[in-house]
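Presented below is the structure to which this report refers.
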Amino acid sequence: MRSSTGMVLAAVCLLACAGSAWERVRAEDTAAAYDRYLRDHADSDYASQARARLALVRLRSKPTAEGYDAFRAEFPDETLLAELRPSVESRVFERVRAIGTASAHREFLEDFSAGEFAERARGNLEFLEADGFGARPEALAAFAERHPASDFAAEARRSAEAVSVRDLSSFRRVGLSVEIAPGTPSPDRLVRVFSERATRRYAEAGIALVPLDAEGGPSAASLPVRLTIRHQEETLRADFTAEHGSASGILATTHVTLTRAGVAVPIWSDAFSFRAAGAVRGDNSVLFGVGTQGFWSSFFVPVATWNTSAAVRQVRKLEKPIASLAVSGTRAIVLFTDGDLEMFDLGDPEQPVLLGAYRRKRDLSRWSGLHVAGDRIVLFGPDGIEVLALRGGRFVPELVLARGEVGTIVAVESLGREIVAAGSRGIVLIDGDKGQREVLLERPVQGLARSGDRLLFTDGVSLFVSTKSLLRERRVEAELRLGRGFGPGPLHVDDGQLLVLAQRGVAVVDLSVPNQPRLQSRIDTSEAGEISDAARIGGRVFLLGERGLQITDAQGAHVVDSACVAARLRVASAGRHLVMIGDKTLQVVDATPFLAEPAMAAPLP
């Protein structure tokens, strides 16, 4: 009996000792204290609490979204979760923004409905569920008023304001001023040639161009919008001190600006130059000499019908040359020429936020394209294909196929988990999980797109429509011959319409009857200049190239507006926005004012 009593007393003492130690540990509330307690009292009644508290304080010191998921699964106690949430909320919200979907925001609010980021998440959720409210300025303005904390509020407000700017600044008459620097040969002829080109271009767009005299003239005040062409020619001396020496000659420079009185930022501003090596100043301008075809083919005057600079967002400069981009929701994924990736959130295009990056091992591989298919990203180019999974904003490599296996790839589409790659070896069907390959077409392909279950592709002469099963039988459903001279290449599909990028312009093809593609319109480089890419939003075609961003009429047949942008390499649509890349630049243009219905009455000065 004395022995039993002693054991009970010992247990009570141990329990009291463990309880006292637990009180001290809880007061200290550190990882070291909980770890020490578990070593000394591993079997105490407080051990499970100690393990939970140890995990909590460790996660609180280094919070991660993944850590929160694991903690919640192991320790579902709501008291602990409530204590932990303030420490991890910002990390979890960062992941939600990287995912960028309505469902991700909805799940966040289930756990953090009263947190610091809750109101921001509610606004984001409403915006995403409404598909960005389209090009409806009233709805955008009302949203920004309701949810000022949302990541989309600032840009929604800008979009509504840009439509107001459009309505208040629209014009159909422009004053023309041609200024030739003193001492420049052939001043009268230069004035005549520049004026004729400008007048003809504006007449095609339905805008009256009114010549102004050198002093501005009495009518200048009634023409608040002015097109100014300034030309000068300077003699250059030979310079062999620089890394790349230059010979003597004459440099001709022509500046073109389109401005509106009272607005500091030009609607458009560009410069064109021509260097005549070895030339000396004579009686004629060097622009009328031999070898100036390049200057005159690139020279143009911009056509705009309102202050389109209000739709152009600031340029984001990046560190390395860019090859391509892809857009998913409000996220833009940029592919660099070395195969690295960066993902930006464009909820506020004035301030793109870097969400994540992927760094490839350095090698000589070359990359030219990017395709997003759900939670997977496909990099492709001259050296094959790489497939990455996008998980919670992080890039995870899944599949690599070298050029020796698939050839040089120019375009990629997806059919469920299958990848369709087009390029030098034709069209190859790839199992996206195992990498197994099947050749569907054995001839070089210049462009590829998908419309439903149909595949559209070009061979440099024609547009073809087929399906996976038909290609296996070596058959196509339809052919639309566009001509070798036109040179059809890359393809973009949007809402029953197909954009065909070609060497000599862009064609719009109607796909309302999928097996009967019909040429709807075509814009040649003679009207739009060299075009590097095109996109379609709300039935309007946006052309990107050497002349900046140009907007066509509803039929896609003629350029009727333009915006001056710095990024002129690739363009992709993102809701009501256009995302563009240049050599090392990322830029966004708000398409809302180009798409929104006009006001009942707009001033036409």
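Ordering of the structure tokens sets the chain letters (A, B, ...), residue numbers begin anew at 1 in every chain, and ligands are numbered from 1 in the order given.
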
Using only C-alpha atoms, which residues of region 116-197 of chain A come within 12 Å of region 552-574 of chain A, and what is the closest atom pair for each, with the distance in Å to one decimal? Give it as a Markdown table, sorted by chain and residue number.
| residue | atom | partner | partner_atom | distance |
| --- | --- | --- | --- | --- |
| A:Asp131 | CA | A:Ala574 | CA | 10.7 |
| A:Gly132 | CA | A:Ala574 | CA | 10.0 |
| A:Gly134 | CA | A:Ala574 | CA | 10.9 |
| A:Arg166 | CA | A:Asp561 | CA | 11.8 |
| A:Ser170 | CA | A:Asp561 | CA | 11.2 |
| A:Phe171 | CA | A:Asp561 | CA | 11.5 |
| A:Arg172 | CA | A:Val560 | CA | 11.5 |

Residues near Thr305 (chain A), cut-off 12 Å, only C-alpha atoms, skip fewer than 3 positions along chain, as a compact mmCIF listing (two decimals) with N, CA and C atoms, in the first residue's frame:
# COMPACT_ATOMS: atom_id res chain seq x y z
N VAL A 165 -11.94 61.45 -71.36
CA VAL A 165 -10.94 62.19 -72.15
C VAL A 165 -11.23 62.02 -73.64
N ARG A 166 -11.55 60.81 -74.03
CA ARG A 166 -11.87 60.57 -75.44
C ARG A 166 -13.05 61.42 -75.90
N ASP A 167 -14.11 61.44 -75.09
CA ASP A 167 -15.29 62.19 -75.48
C ASP A 167 -15.03 63.69 -75.53
N LEU A 168 -14.18 64.18 -74.64
CA LEU A 168 -13.92 65.62 -74.57
C LEU A 168 -12.83 66.09 -75.53
N SER A 169 -11.97 65.15 -75.98
CA SER A 169 -10.83 65.57 -76.81
C SER A 169 -10.93 65.08 -78.25
N SER A 170 -12.06 64.51 -78.65
CA SER A 170 -12.16 64.00 -80.02
C SER A 170 -12.10 65.15 -81.02
N PHE A 171 -11.58 64.87 -82.20
CA PHE A 171 -11.41 65.91 -83.21
C PHE A 171 -11.48 65.30 -84.60
N ARG A 172 -11.80 66.16 -85.58
CA ARG A 172 -11.82 65.76 -86.98
C ARG A 172 -11.09 66.77 -87.86
N ARG A 173 -10.49 67.79 -87.24
CA ARG A 173 -9.70 68.77 -87.98
C ARG A 173 -8.38 68.98 -87.25
N VAL A 174 -7.29 69.00 -87.99
CA VAL A 174 -5.95 69.13 -87.41
C VAL A 174 -5.17 70.17 -88.19
N TYR A 202 -4.28 61.64 -93.93
CA TYR A 202 -5.39 62.10 -93.09
C TYR A 202 -6.72 62.04 -93.85
N ALA A 205 -8.26 58.74 -93.59
CA ALA A 205 -8.88 58.48 -92.29
C ALA A 205 -10.07 59.39 -92.03
N GLY A 206 -10.41 60.24 -92.98
CA GLY A 206 -11.57 61.11 -92.81
C GLY A 206 -11.32 62.29 -91.91
N ILE A 207 -10.06 62.74 -91.81
CA ILE A 207 -9.70 63.88 -90.97
C ILE A 207 -9.18 65.00 -91.86
N ALA A 208 -9.70 66.21 -91.65
CA ALA A 208 -9.25 67.36 -92.43
C ALA A 208 -7.94 67.89 -91.87
N VAL A 225 -5.56 71.00 -82.07
CA VAL A 225 -4.72 69.84 -82.36
C VAL A 225 -3.82 70.17 -83.54
N ARG A 226 -2.53 69.90 -83.38
CA ARG A 226 -1.58 70.26 -84.42
C ARG A 226 -0.63 69.11 -84.72
N LEU A 258 2.27 64.97 -82.75
CA LEU A 258 0.85 65.31 -82.79
C LEU A 258 0.48 65.75 -81.38
N THR A 259 0.09 67.01 -81.22
CA THR A 259 -0.14 67.57 -79.89
C THR A 259 -1.51 68.23 -79.81
N ARG A 260 -1.95 68.38 -78.59
CA ARG A 260 -3.19 69.12 -78.33
C ARG A 260 -2.86 70.25 -77.38
N ILE A 267 0.19 63.50 -78.10
CA ILE A 267 -0.62 62.35 -78.51
C ILE A 267 0.30 61.34 -79.20
N TRP A 268 1.25 61.87 -79.95
CA TRP A 268 2.21 61.02 -80.66
C TRP A 268 3.51 61.79 -80.83
N PRO A 302 1.23 60.02 -87.99
CA PRO A 302 0.25 59.28 -87.18
C PRO A 302 -1.15 59.83 -87.37
N THR A 308 -5.12 60.01 -77.51
CA THR A 308 -4.94 58.59 -77.19
C THR A 308 -3.83 58.33 -76.17
N SER A 309 -3.01 59.32 -75.88
CA SER A 309 -1.97 59.11 -74.86
C SER A 309 -2.58 58.80 -73.49
N GLN A 550 -1.80 50.57 -83.78
CA GLN A 550 -2.81 51.12 -84.69
C GLN A 550 -4.10 50.33 -84.53
N ILE A 551 -5.22 51.05 -84.61
CA ILE A 551 -6.53 50.46 -84.39
C ILE A 551 -7.33 50.53 -85.68
N VAL A 559 -7.01 51.46 -90.97
CA VAL A 559 -6.54 52.05 -89.71
C VAL A 559 -7.27 53.37 -89.49
N VAL A 560 -7.89 53.52 -88.31
CA VAL A 560 -8.65 54.74 -88.02
C VAL A 560 -8.16 55.45 -86.77
N ASP A 561 -7.24 54.85 -86.02
CA ASP A 561 -6.73 55.49 -84.81
C ASP A 561 -5.37 54.88 -84.48
N SER A 562 -4.64 55.52 -83.58
CA SER A 562 -3.34 55.00 -83.20
C SER A 562 -2.93 55.54 -81.85
N ALA A 563 -1.98 54.87 -81.23
CA ALA A 563 -1.41 55.30 -79.95
C ALA A 563 0.09 55.09 -79.99
N PRO A 593 -11.29 52.95 -74.00
CA PRO A 593 -11.82 54.09 -74.77
C PRO A 593 -11.94 53.82 -76.26
N PHE A 594 -11.26 52.81 -76.77
CA PHE A 594 -11.41 52.45 -78.19
C PHE A 594 -12.64 51.57 -78.41
N ALA A 602 -20.21 64.56 -79.00
CA ALA A 602 -18.81 64.85 -78.70
C ALA A 602 -18.37 66.04 -79.53
N PRO A 603 -17.55 66.93 -78.95
CA PRO A 603 -17.11 68.11 -79.69
C PRO A 603 -16.22 67.73 -80.86
N LEU A 604 -16.39 68.37 -81.98
CA LEU A 604 -15.59 68.11 -83.17
C LEU A 604 -14.94 69.43 -83.60
N PRO A 605 -13.86 69.86 -82.95
CA PRO A 605 -13.24 71.14 -83.28
C PRO A 605 -12.62 71.10 -84.67

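Counting only C-alpha atoms and comparing A:Ala264, A:Ala47, A:Val387, A:Val191, the residue that lies closest to Lys434 (chain A) is A:Val387.
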
Contact residues around Gln232 (chain A) with only C-alpha atoms at 8 Å, ignoring same-chain residues under 4 positions, as a list in words: Ile180, Ala181, Thr184, Ala252, Thr253 and Thr254 of chain A

For the residues in that selection, give me N, CA and C atoms as an mmCIF file, in the first residue's frame.
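selection_32.cif was written with the following content:
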data_model
loop_
_atom_site.group_PDB
_atom_site.id
_atom_site.type_symbol
_atom_site.label_atom_id
_atom_site.label_comp_id
_atom_site.auth_asym_id
_atom_site.auth_seq_id
_atom_site.Cartn_x
_atom_site.Cartn_y
_atom_site.Cartn_z
ATOM 1 N N ILE A 180 11.177 73.531 -91.626
ATOM 2 C CA ILE A 180 12.468 73.093 -92.167
ATOM 3 C C ILE A 180 13.555 73.960 -91.552
ATOM 4 N N ALA A 181 14.570 73.336 -90.986
ATOM 5 C CA ALA A 181 15.634 74.082 -90.319
ATOM 6 C C ALA A 181 16.343 74.996 -91.309
ATOM 7 N N THR A 184 18.788 74.280 -94.683
ATOM 8 C CA THR A 184 18.535 72.959 -95.263
ATOM 9 C C THR A 184 18.215 73.112 -96.746
ATOM 10 N N ALA A 252 20.139 63.272 -91.832
ATOM 11 C CA ALA A 252 18.842 63.924 -91.951
ATOM 12 C C ALA A 252 17.919 63.358 -90.875
ATOM 13 N N THR A 253 17.271 64.240 -90.119
ATOM 14 C CA THR A 253 16.376 63.823 -89.037
ATOM 15 C C THR A 253 15.034 64.543 -89.169
ATOM 16 N N THR A 254 13.957 63.773 -89.106
ATOM 17 C CA THR A 254 12.607 64.333 -89.195
ATOM 18 C C THR A 254 11.829 63.943 -87.956
#

Residues near Val461 (chain A), cut-off 12 Å, only C-alpha atoms, skip fewer than 2 positions along chain, as number ranges by chain: A: 444-447, 457-459, 463-464, 479-489, 500, 502-503

Take the residues from that selection and put them in a file with C-alpha atoms, as a PDB file, in the first residue's frame.
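This is the output file selection.pdb:
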ATOM      1  CA  PRO A 444       6.903  22.626 -92.497  1.00  0.00           C
ATOM      2  CA  VAL A 445       4.280  24.806 -90.822  1.00  0.00           C
ATOM      3  CA  GLN A 446       4.502  28.593 -90.332  1.00  0.00           C
ATOM      4  CA  GLY A 447       1.624  29.152 -87.928  1.00  0.00           C
ATOM      5  CA  PHE A 457      -2.355  26.140 -89.680  1.00  0.00           C
ATOM      6  CA  THR A 458      -0.460  27.882 -92.476  1.00  0.00           C
ATOM      7  CA  ASP A 459       2.333  26.767 -94.756  1.00  0.00           C
ATOM      8  CA  LEU A 463      -4.681  28.549 -94.405  1.00  0.00           C
ATOM      9  CA  PHE A 464      -5.843  25.012 -93.611  1.00  0.00           C
ATOM     10  CA  GLU A 479      -8.201  25.377 -97.458  1.00  0.00           C
ATOM     11  CA  LEU A 480      -8.172  29.149 -97.937  1.00  0.00           C
ATOM     12  CA  ARG A 481      -5.465  30.213-100.334  1.00  0.00           C
ATOM     13  CA  LEU A 482      -3.916  33.555 -99.336  1.00  0.00           C
ATOM     14  CA  GLY A 483      -0.973  33.549-101.722  1.00  0.00           C
ATOM     15  CA  ARG A 484       2.763  33.146-101.439  1.00  0.00           C
ATOM     16  CA  GLY A 485       3.216  36.863-102.069  1.00  0.00           C
ATOM     17  CA  PHE A 486       1.157  37.673 -98.992  1.00  0.00           C
ATOM     18  CA  GLY A 487       3.186  35.163 -96.966  1.00  0.00           C
ATOM     19  CA  PRO A 488       0.759  33.997 -94.231  1.00  0.00           C
ATOM     20  CA  GLY A 489       2.419  32.923 -90.977  1.00  0.00           C
ATOM     21  CA  VAL A 500      -3.333  35.889 -89.931  1.00  0.00           C
ATOM     22  CA  ALA A 502       1.856  37.783 -92.900  1.00  0.00           C
ATOM     23  CA  GLN A 503       4.911  39.262 -94.530  1.00  0.00           C
TER      24      GLN A 503
END

Residues of region 35-156 of chain A in alpha helix (DSSP H), written as a PyMOL selection string: chain A and resi 35-40+47-61+65-74+78-99+102-111+118-129+137-146+153-156

Keeping only C-alpha atoms, write the selected residues as a PDB file, in the first residue's frame.
ATOM      1  CA  ASP A  35      11.476  22.166 -27.853  1.00  0.00           C
ATOM      2  CA  ARG A  36      13.053  21.935 -24.379  1.00  0.00           C
ATOM      3  CA  TYR A  37       9.715  21.089 -22.806  1.00  0.00           C
ATOM      4  CA  LEU A  38       9.115  18.231 -25.259  1.00  0.00           C
ATOM      5  CA  ARG A  39      12.523  16.774 -24.435  1.00  0.00           C
ATOM      6  CA  ASP A  40      11.875  16.882 -20.688  1.00  0.00           C
ATOM      7  CA  ALA A  47       2.908  17.467 -25.033  1.00  0.00           C
ATOM      8  CA  SER A  48       0.392  17.714 -27.887  1.00  0.00           C
ATOM      9  CA  GLN A  49      -0.154  21.395 -27.125  1.00  0.00           C
ATOM     10  CA  ALA A  50       3.604  21.895 -27.023  1.00  0.00           C
ATOM     11  CA  ARG A  51       4.006  20.329 -30.452  1.00  0.00           C
ATOM     12  CA  ALA A  52       1.279  22.558 -31.885  1.00  0.00           C
ATOM     13  CA  ARG A  53       2.732  25.664 -30.230  1.00  0.00           C
ATOM     14  CA  LEU A  54       6.218  24.746 -31.488  1.00  0.00           C
ATOM     15  CA  ALA A  55       4.937  24.511 -35.075  1.00  0.00           C
ATOM     16  CA  LEU A  56       3.017  27.763 -34.632  1.00  0.00           C
ATOM     17  CA  VAL A  57       5.909  29.892 -33.352  1.00  0.00           C
ATOM     18  CA  ARG A  58       8.248  28.496 -36.011  1.00  0.00           C
ATOM     19  CA  LEU A  59       5.769  29.339 -38.764  1.00  0.00           C
ATOM     20  CA  ARG A  60       5.084  32.726 -37.204  1.00  0.00           C
ATOM     21  CA  SER A  61       8.800  33.580 -37.389  1.00  0.00           C
ATOM     22  CA  ALA A  65       1.491  30.051 -47.539  1.00  0.00           C
ATOM     23  CA  GLU A  66       2.546  26.424 -47.891  1.00  0.00           C
ATOM     24  CA  GLY A  67       3.428  26.299 -44.191  1.00  0.00           C
ATOM     25  CA  TYR A  68      -0.016  27.593 -43.298  1.00  0.00           C
ATOM     26  CA  ASP A  69      -1.648  24.865 -45.407  1.00  0.00           C
ATOM     27  CA  ALA A  70       0.415  22.178 -43.670  1.00  0.00           C
ATOM     28  CA  PHE A  71      -0.262  23.603 -40.183  1.00  0.00           C
ATOM     29  CA  ARG A  72      -4.011  23.834 -40.793  1.00  0.00           C
ATOM     30  CA  ALA A  73      -4.091  20.207 -41.966  1.00  0.00           C
ATOM     31  CA  GLU A  74      -2.193  18.935 -38.891  1.00  0.00           C
ATOM     32  CA  GLU A  78      -9.598  27.175 -34.615  1.00  0.00           C
ATOM     33  CA  THR A  79      -8.040  28.910 -31.594  1.00  0.00           C
ATOM     34  CA  LEU A  80      -4.546  28.208 -32.888  1.00  0.00           C
ATOM     35  CA  LEU A  81      -5.478  29.159 -36.455  1.00  0.00           C
ATOM     36  CA  ALA A  82      -6.975  32.448 -35.309  1.00  0.00           C
ATOM     37  CA  GLU A  83      -3.737  33.260 -33.506  1.00  0.00           C
ATOM     38  CA  LEU A  84      -1.616  32.305 -36.516  1.00  0.00           C
ATOM     39  CA  ARG A  85      -3.569  34.034 -39.299  1.00  0.00           C
ATOM     40  CA  PRO A  86      -2.337  37.608 -38.776  1.00  0.00           C
ATOM     41  CA  SER A  87       1.258  36.393 -39.253  1.00  0.00           C
ATOM     42  CA  VAL A  88       0.638  34.437 -42.464  1.00  0.00           C
ATOM     43  CA  GLU A  89      -2.154  36.469 -44.074  1.00  0.00           C
ATOM     44  CA  SER A  90       0.092  38.588 -46.299  1.00  0.00           C
ATOM     45  CA  ARG A  91       1.923  35.484 -47.570  1.00  0.00           C
ATOM     46  CA  VAL A  92      -1.301  33.672 -48.346  1.00  0.00           C
ATOM     47  CA  PHE A  93      -2.675  36.731 -50.112  1.00  0.00           C
ATOM     48  CA  GLU A  94       0.503  37.002 -52.219  1.00  0.00           C
ATOM     49  CA  ARG A  95      -0.147  33.453 -53.411  1.00  0.00           C
ATOM     50  CA  VAL A  96      -3.765  34.290 -54.169  1.00  0.00           C
ATOM     51  CA  ARG A  97      -2.663  37.222 -56.320  1.00  0.00           C
ATOM     52  CA  ALA A  98      -0.197  34.944 -58.125  1.00  0.00           C
ATOM     53  CA  ILE A  99      -2.967  32.455 -58.881  1.00  0.00           C
ATOM     54  CA  ALA A 102     -11.933  34.288 -58.426  1.00  0.00           C
ATOM     55  CA  SER A 103     -11.949  30.878 -56.713  1.00  0.00           C
ATOM     56  CA  ALA A 104      -8.581  31.580 -55.069  1.00  0.00           C
ATOM     57  CA  HIS A 105      -9.909  34.870 -53.650  1.00  0.00           C
ATOM     58  CA  ARG A 106     -13.099  33.162 -52.488  1.00  0.00           C
ATOM     59  CA  GLU A 107     -11.122  30.492 -50.611  1.00  0.00           C
ATOM     60  CA  PHE A 108      -8.946  33.192 -49.046  1.00  0.00           C
ATOM     61  CA  LEU A 109     -12.002  34.990 -47.674  1.00  0.00           C
ATOM     62  CA  GLU A 110     -13.254  31.780 -46.093  1.00  0.00           C
ATOM     63  CA  ASP A 111     -10.197  31.822 -43.822  1.00  0.00           C
ATOM     64  CA  ALA A 118     -10.179  40.993 -46.534  1.00  0.00           C
ATOM     65  CA  GLU A 119     -11.613  44.153 -48.060  1.00  0.00           C
ATOM     66  CA  ARG A 120      -8.979  44.098 -50.789  1.00  0.00           C
ATOM     67  CA  ALA A 121      -9.848  40.480 -51.553  1.00  0.00           C
ATOM     68  CA  ARG A 122     -13.589  41.225 -51.650  1.00  0.00           C
ATOM     69  CA  GLY A 123     -13.051  43.926 -54.246  1.00  0.00           C
ATOM     70  CA  ASN A 124     -10.804  41.677 -56.305  1.00  0.00           C
ATOM     71  CA  LEU A 125     -13.351  38.865 -56.134  1.00  0.00           C
ATOM     72  CA  GLU A 126     -16.176  41.096 -57.383  1.00  0.00           C
ATOM     73  CA  PHE A 127     -13.993  42.376 -60.235  1.00  0.00           C
ATOM     74  CA  LEU A 128     -12.952  38.895 -61.341  1.00  0.00           C
ATOM     75  CA  GLU A 129     -16.460  37.465 -61.106  1.00  0.00           C
ATOM     76  CA  PRO A 137     -17.002  53.115 -67.986  1.00  0.00           C
ATOM     77  CA  GLU A 138     -19.960  53.657 -65.641  1.00  0.00           C
ATOM     78  CA  ALA A 139     -19.587  50.170 -64.151  1.00  0.00           C
ATOM     79  CA  LEU A 140     -15.821  50.630 -63.773  1.00  0.00           C
ATOM     80  CA  ALA A 141     -16.221  53.989 -62.036  1.00  0.00           C
ATOM     81  CA  ALA A 142     -18.855  52.563 -59.683  1.00  0.00           C
ATOM     82  CA  PHE A 143     -16.622  49.583 -58.858  1.00  0.00           C
ATOM     83  CA  ALA A 144     -13.676  51.863 -58.000  1.00  0.00           C
ATOM     84  CA  GLU A 145     -15.982  53.852 -55.712  1.00  0.00           C
ATOM     85  CA  ARG A 146     -17.259  50.716 -53.933  1.00  0.00           C
ATOM     86  CA  ALA A 153      -9.612  50.026 -58.392  1.00  0.00           C
ATOM     87  CA  ALA A 154      -6.961  52.474 -59.609  1.00  0.00           C
ATOM     88  CA  GLU A 155      -7.028  51.159 -63.172  1.00  0.00           C
ATOM     89  CA  ALA A 156     -10.822  50.942 -63.230  1.00  0.00           C
TER      90      ALA A 156
END

Would you kindly return, as a CSV table (one decimal) with N, CA and C atoms, in the first residue's frame, each protein, DNA or RNA residue with an atom no farther than 6 Å from any atom of Ala534 (chain A), considering only C-alpha atoms and excluding same-chain residues fewer than 5 positions away?
chain,number,residue,atom,x,y,z
A,542,PHE,N,-6.2,45.3,-83.3
A,542,PHE,CA,-5.1,46.2,-82.9
A,542,PHE,C,-3.8,45.7,-83.5
A,543,LEU,N,-3.1,46.6,-84.2
A,543,LEU,CA,-1.9,46.2,-84.9
A,543,LEU,C,-0.7,46.8,-84.2
A,544,LEU,N,0.3,46.0,-84.0
A,544,LEU,CA,1.5,46.5,-83.4
A,544,LEU,C,2.7,46.4,-84.3

Residue contacts of Ala596 (chain A) (8 Å, only C-alpha atoms) excluding same-chain residues fewer than 5 positions away, as a list of chain:residue names: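 Skipping anything fewer than 5 positions along the chain leaves A:Ala135, A:Arg136, A:Pro137, A:Val163.
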
Go ahead and dump the residues you just picked, C-alpha atoms, as a PDB file, in the first residue's frame.
ATOM      1  CA  ALA A 135     -15.559  48.292 -71.574  1.00  0.00           C
ATOM      2  CA  ARG A 136     -18.326  49.878 -69.473  1.00  0.00           C
ATOM      3  CA  PRO A 137     -17.002  53.115 -67.986  1.00  0.00           C
ATOM      4  CA  VAL A 163     -13.361  57.397 -71.891  1.00  0.00           C
TER       5      VAL A 163
END

Test item: residues at most 8 Å from Arg474 (chain A), only C-alpha atoms, excluding those fewer than 2 positions along its chain, as a PyMOL selection string: chain A and resi 440-441+470-472+476

Selected residues written out, C-alpha atoms, as an mmCIF file, in the first residue's frame:
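result31.cif was written with the following content:
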data_model
loop_
_atom_site.group_PDB
_atom_site.id
_atom_site.type_symbol
_atom_site.label_atom_id
_atom_site.label_comp_id
_atom_site.auth_asym_id
_atom_site.auth_seq_id
_atom_site.Cartn_x
_atom_site.Cartn_y
_atom_site.Cartn_z
ATOM 1 C CA LEU A 440 0.221 14.379 -87.608
ATOM 2 C CA LEU A 441 1.602 16.322 -90.589
ATOM 3 C CA LEU A 470 -8.469 14.038 -90.029
ATOM 4 C CA LEU A 471 -4.745 14.767 -89.880
ATOM 5 C CA ARG A 472 -4.156 11.161 -88.904
ATOM 6 C CA VAL A 476 -7.857 18.592 -94.187
#

Å distance separating CA of Thr101 (chain A) from CA of Gly329 (chain A), one decimal place: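 Interatomic distance, CA of Thr101 (chain A) to CA of Gly329 (chain A): 7.6 Å.
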
All strand (DSSP E) positions in region 356-528 of chain A, as an NGL selection string: :A and (356-358 or 369-373 or 376-381 or 384-391 or 394-402 or 409-415 or 418-423 or 426-431 or 437-441 or 447-451 or 454-458 or 462-467 or 478-481 or 488-494 or 497-502 or 505-510 or 518-524)

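Going from CA of Gln516 (chain A) over to CA of Arg536 (chain A), you cover 20.8 Å.
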